[in-house]
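Q: Please read through the structure below; I'll follow up with questions.
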Amino acid sequence: MTTISSKVFRHHRKADGTYNVKICIYHQKERVYIDTAHYVTDKKLTSILTIKDPVLIRLINQTLDDYRETISRVSNKIDFLDARELRDYLISKNEAIDFIKFCQLHIDSLDKNGQKKSAANYRTIRYSLIDYFKKDKVSTDEITLNSIRGYEQYLKSERTITRTNQFGKLVTTYSRKLSANSINNYLRDFKGLYSAALSFYNNTHSDIVRIKHNPFEHFKIADATQTKKRNITITQVRKIRDCMVVSDTSAELARDLFMLSFYLCGINAADLHACTYQVVGDRVEYNRSKTKGKRKDNAFISIKVIPEAGALLYKYRNLSKRYATSENLNAALSTGMRQISEITLIPDVTYYWARHTFANLARNTCRKSKDDIALALNHVDQARKTTDIYLAKDWSIIDEVQLAVVSLLRKLDKREAAFAFRIQHFLVRKYGGLKEIADSLFAKLP
């Protein structure tokens, strides 16, 4: 049985001689209390601390009646709540939900869970919504079908963005309209945040529904257009590996990490930055940060550290000390990959192309199965989740995919070495020795 009553406690007497009137909730054999906005003095109390002021009695009874009515509406589900959950619901049931505040709470939770990329994406949406609504407090009631449509149009237009810089000053910049695929990503992440809010505030088991509408049910997000294939040939991979760059520059960082990702089955920059991986024997083991919070196995993977990868993995073992955040690392990689693109004449190539190229070569050149490639890329097959429960991970499958792809690069090196040897052999036969070759070449210089 659940009861609601008002209480005043003598030991809660404040320095000014007043007592706060509290609402006592007795539920599941436990008492919890809610502070009210009402304060009384000894003159308004009886000797046993009951309120005798008729005006105050009427005001408190209104609150009690409201709480009792609420409890009656959820009476068939109330046993699913403990006393504290019931108290929290009664306190919050009439409060507007600040969606922007919830976004930050959700982002903080993702950050704490190591899902840095998802947190960064949602952080972008939070800032964008503040810009759109022109305020940093937005009720969930303000998120309607019309406001979502307005937000979509806002993303399609040029707009001003105001941010506080590192010196605490407001800086206004102008942003161009987003591409169709970027708009798709923004709206998808907006929907993801709203779905998270629905899950957080609505308890369907007990019929407690604080957010009573979902405008995204009536809003269709346009399908993203097919993106350009982000893969290159094995010859172009070698061109990146062998390109000459200045030491300790963004270009060197980009070249080395691109190849490290290629060698380690498309490892993400965020996981290299986090440095949460462990080298166990000749294997590197880690939980993929992008998906570890979405999978029962925490997206664990074990990859063989081949000789080509070992030195690079050691060289960049302290990326988190060099770059404060994964976003900073990504910015350096973007700068470096633009320089690599200019040096190699490979247009638009980015760090993430290493992962795509690895997968593309594994499938189309090495003829590996899509399931084996998905395992190597640490993807999860939604259609085979039940089957995966019964199957132990066989890391040798990943080793086979990795070896097949890396062997393409090794074979290319061997062919080039063999060709160079044949050229050298021909020149030696013609000129009689290396010194003679050099003398002959220098003699022909102007």
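To be explicit about the labels: the chains of the structure tokens are called A, B, and onward in the order shown, and within each one the residues are counted from 1, while ligands get numbers from 1 in the order they are shown.
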Find the nearest atom pair between each residue of stretch 28-120 of chain A and stretch 183-189 of chain A for residues within 12 Å, count only C-alpha atoms, give distances in Å to one decimal, sort rows by chain and ascending number, and present the table as CSV.

A:
```
residue,atom,partner,partner_atom,distance
A:Cys103,CA,A:Asp189,CA,11.1
A:Ile107,CA,A:Asp189,CA,11.9
A:Ser118,CA,A:Asp189,CA,9.1
A:Ala119,CA,A:Asp189,CA,10.5
A:Ala120,CA,A:Asp189,CA,10.8
```

Q: Residues of stretch 272-338 of chain A within 7 Å of stretch 238-251 of chain A: nearest atom pair and distance (Å, one decimal) for each, counting only C-alpha atoms, sorted by chain and number, as JSON lines?

A:
```
{"residue": "A:Ala332", "atom": "CA", "partner": "A:Ser250", "partner_atom": "CA", "distance": 5.7}
{"residue": "A:Leu333", "atom": "CA", "partner": "A:Ser250", "partner_atom": "CA", "distance": 6.5}
{"residue": "A:Thr335", "atom": "CA", "partner": "A:Ser250", "partner_atom": "CA", "distance": 6.4}
{"residue": "A:Gly336", "atom": "CA", "partner": "A:Ala251", "partner_atom": "CA", "distance": 3.9}
{"residue": "A:Met337", "atom": "CA", "partner": "A:Ala251", "partner_atom": "CA", "distance": 6.3}
```

Q: Write out, as a PDB file, in the first residue's frame, the residues just selected, with N, CA, C and O atoms.

A:
```pdb
ATOM      1  N   ALA A 332      45.434  16.356 -37.329  1.00  0.00           N
ATOM      2  CA  ALA A 332      46.810  16.217 -37.824  1.00  0.00           C
ATOM      3  C   ALA A 332      46.862  15.220 -38.981  1.00  0.00           C
ATOM      4  O   ALA A 332      47.591  15.425 -39.965  1.00  0.00           O
ATOM      5  N   LEU A 333      46.094  14.138 -38.877  1.00  0.00           N
ATOM      6  CA  LEU A 333      46.046  13.147 -39.952  1.00  0.00           C
ATOM      7  C   LEU A 333      45.461  13.750 -41.226  1.00  0.00           C
ATOM      8  O   LEU A 333      45.950  13.472 -42.334  1.00  0.00           O
ATOM      9  N   THR A 335      45.558  16.884 -42.173  1.00  0.00           N
ATOM     10  CA  THR A 335      46.586  17.756 -42.750  1.00  0.00           C
ATOM     11  C   THR A 335      47.663  16.933 -43.449  1.00  0.00           C
ATOM     12  O   THR A 335      48.059  17.218 -44.587  1.00  0.00           O
ATOM     13  N   GLY A 336      48.118  15.895 -42.760  1.00  0.00           N
ATOM     14  CA  GLY A 336      49.173  15.064 -43.320  1.00  0.00           C
ATOM     15  C   GLY A 336      48.751  14.318 -44.569  1.00  0.00           C
ATOM     16  O   GLY A 336      49.522  14.215 -45.539  1.00  0.00           O
ATOM     17  N   MET A 337      47.516  13.799 -44.581  1.00  0.00           N
ATOM     18  CA  MET A 337      47.054  13.048 -45.744  1.00  0.00           C
ATOM     19  C   MET A 337      46.866  13.944 -46.960  1.00  0.00           C
ATOM     20  O   MET A 337      47.042  13.490 -48.103  1.00  0.00           O
TER      21      MET A 337
END
```

Q: So that I can check the secondary structure, give me every residue of stretch 114-357 of chain A assigned strand (DSSP E) by backbone DSSP, as a ChimeraX atom specification.

A: /A:159-164,170-175,202-203,208-209,278-280,283-287,300-304

Q: Could you save those same residues with C-alpha atoms as a CSV table (one decimal), in the first residue's frame?

A:
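What ended up in again-v7.csv:
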```
chain,number,residue,atom,x,y,z
A,159,ARG,CA,24.6,30.1,-41.4
A,160,THR,CA,26.6,31.9,-38.7
A,161,ILE,CA,28.1,29.9,-35.9
A,162,THR,CA,29.2,31.5,-32.6
A,163,ARG,CA,31.6,29.7,-30.3
A,164,THR,CA,33.7,30.6,-27.3
A,170,LEU,CA,32.9,34.8,-28.6
A,171,VAL,CA,34.0,34.2,-32.2
A,172,THR,CA,31.5,34.1,-35.0
A,173,THR,CA,32.2,32.2,-38.2
A,174,TYR,CA,30.2,31.5,-41.4
A,175,SER,CA,29.4,28.0,-42.5
A,202,ASN,CA,10.2,6.7,-20.4
A,203,ASN,CA,9.6,3.5,-18.4
A,208,ILE,CA,5.7,6.2,-16.8
A,209,VAL,CA,6.0,8.3,-19.9
A,278,GLN,CA,47.8,-4.7,-25.3
A,279,VAL,CA,50.6,-6.5,-27.1
A,280,VAL,CA,50.4,-10.1,-26.0
A,283,ARG,CA,49.4,-10.1,-31.2
A,284,VAL,CA,47.8,-6.8,-30.5
A,285,GLU,CA,44.5,-7.0,-28.6
A,286,TYR,CA,41.9,-4.3,-28.0
A,287,ASN,CA,38.2,-3.4,-27.8
A,300,PHE,CA,37.2,-7.4,-28.7
A,301,ILE,CA,39.7,-8.4,-31.4
A,302,SER,CA,43.1,-10.0,-31.6
A,303,ILE,CA,45.4,-9.2,-34.6
A,304,LYS,CA,48.8,-10.6,-35.4
```

Q: In Å, how far is it from atom CA of A:Asp66 to atom CA of A:Met1?

A: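 Pair atom CA of A:Asp66 / atom CA of A:Met1 returns 17.5 Å.
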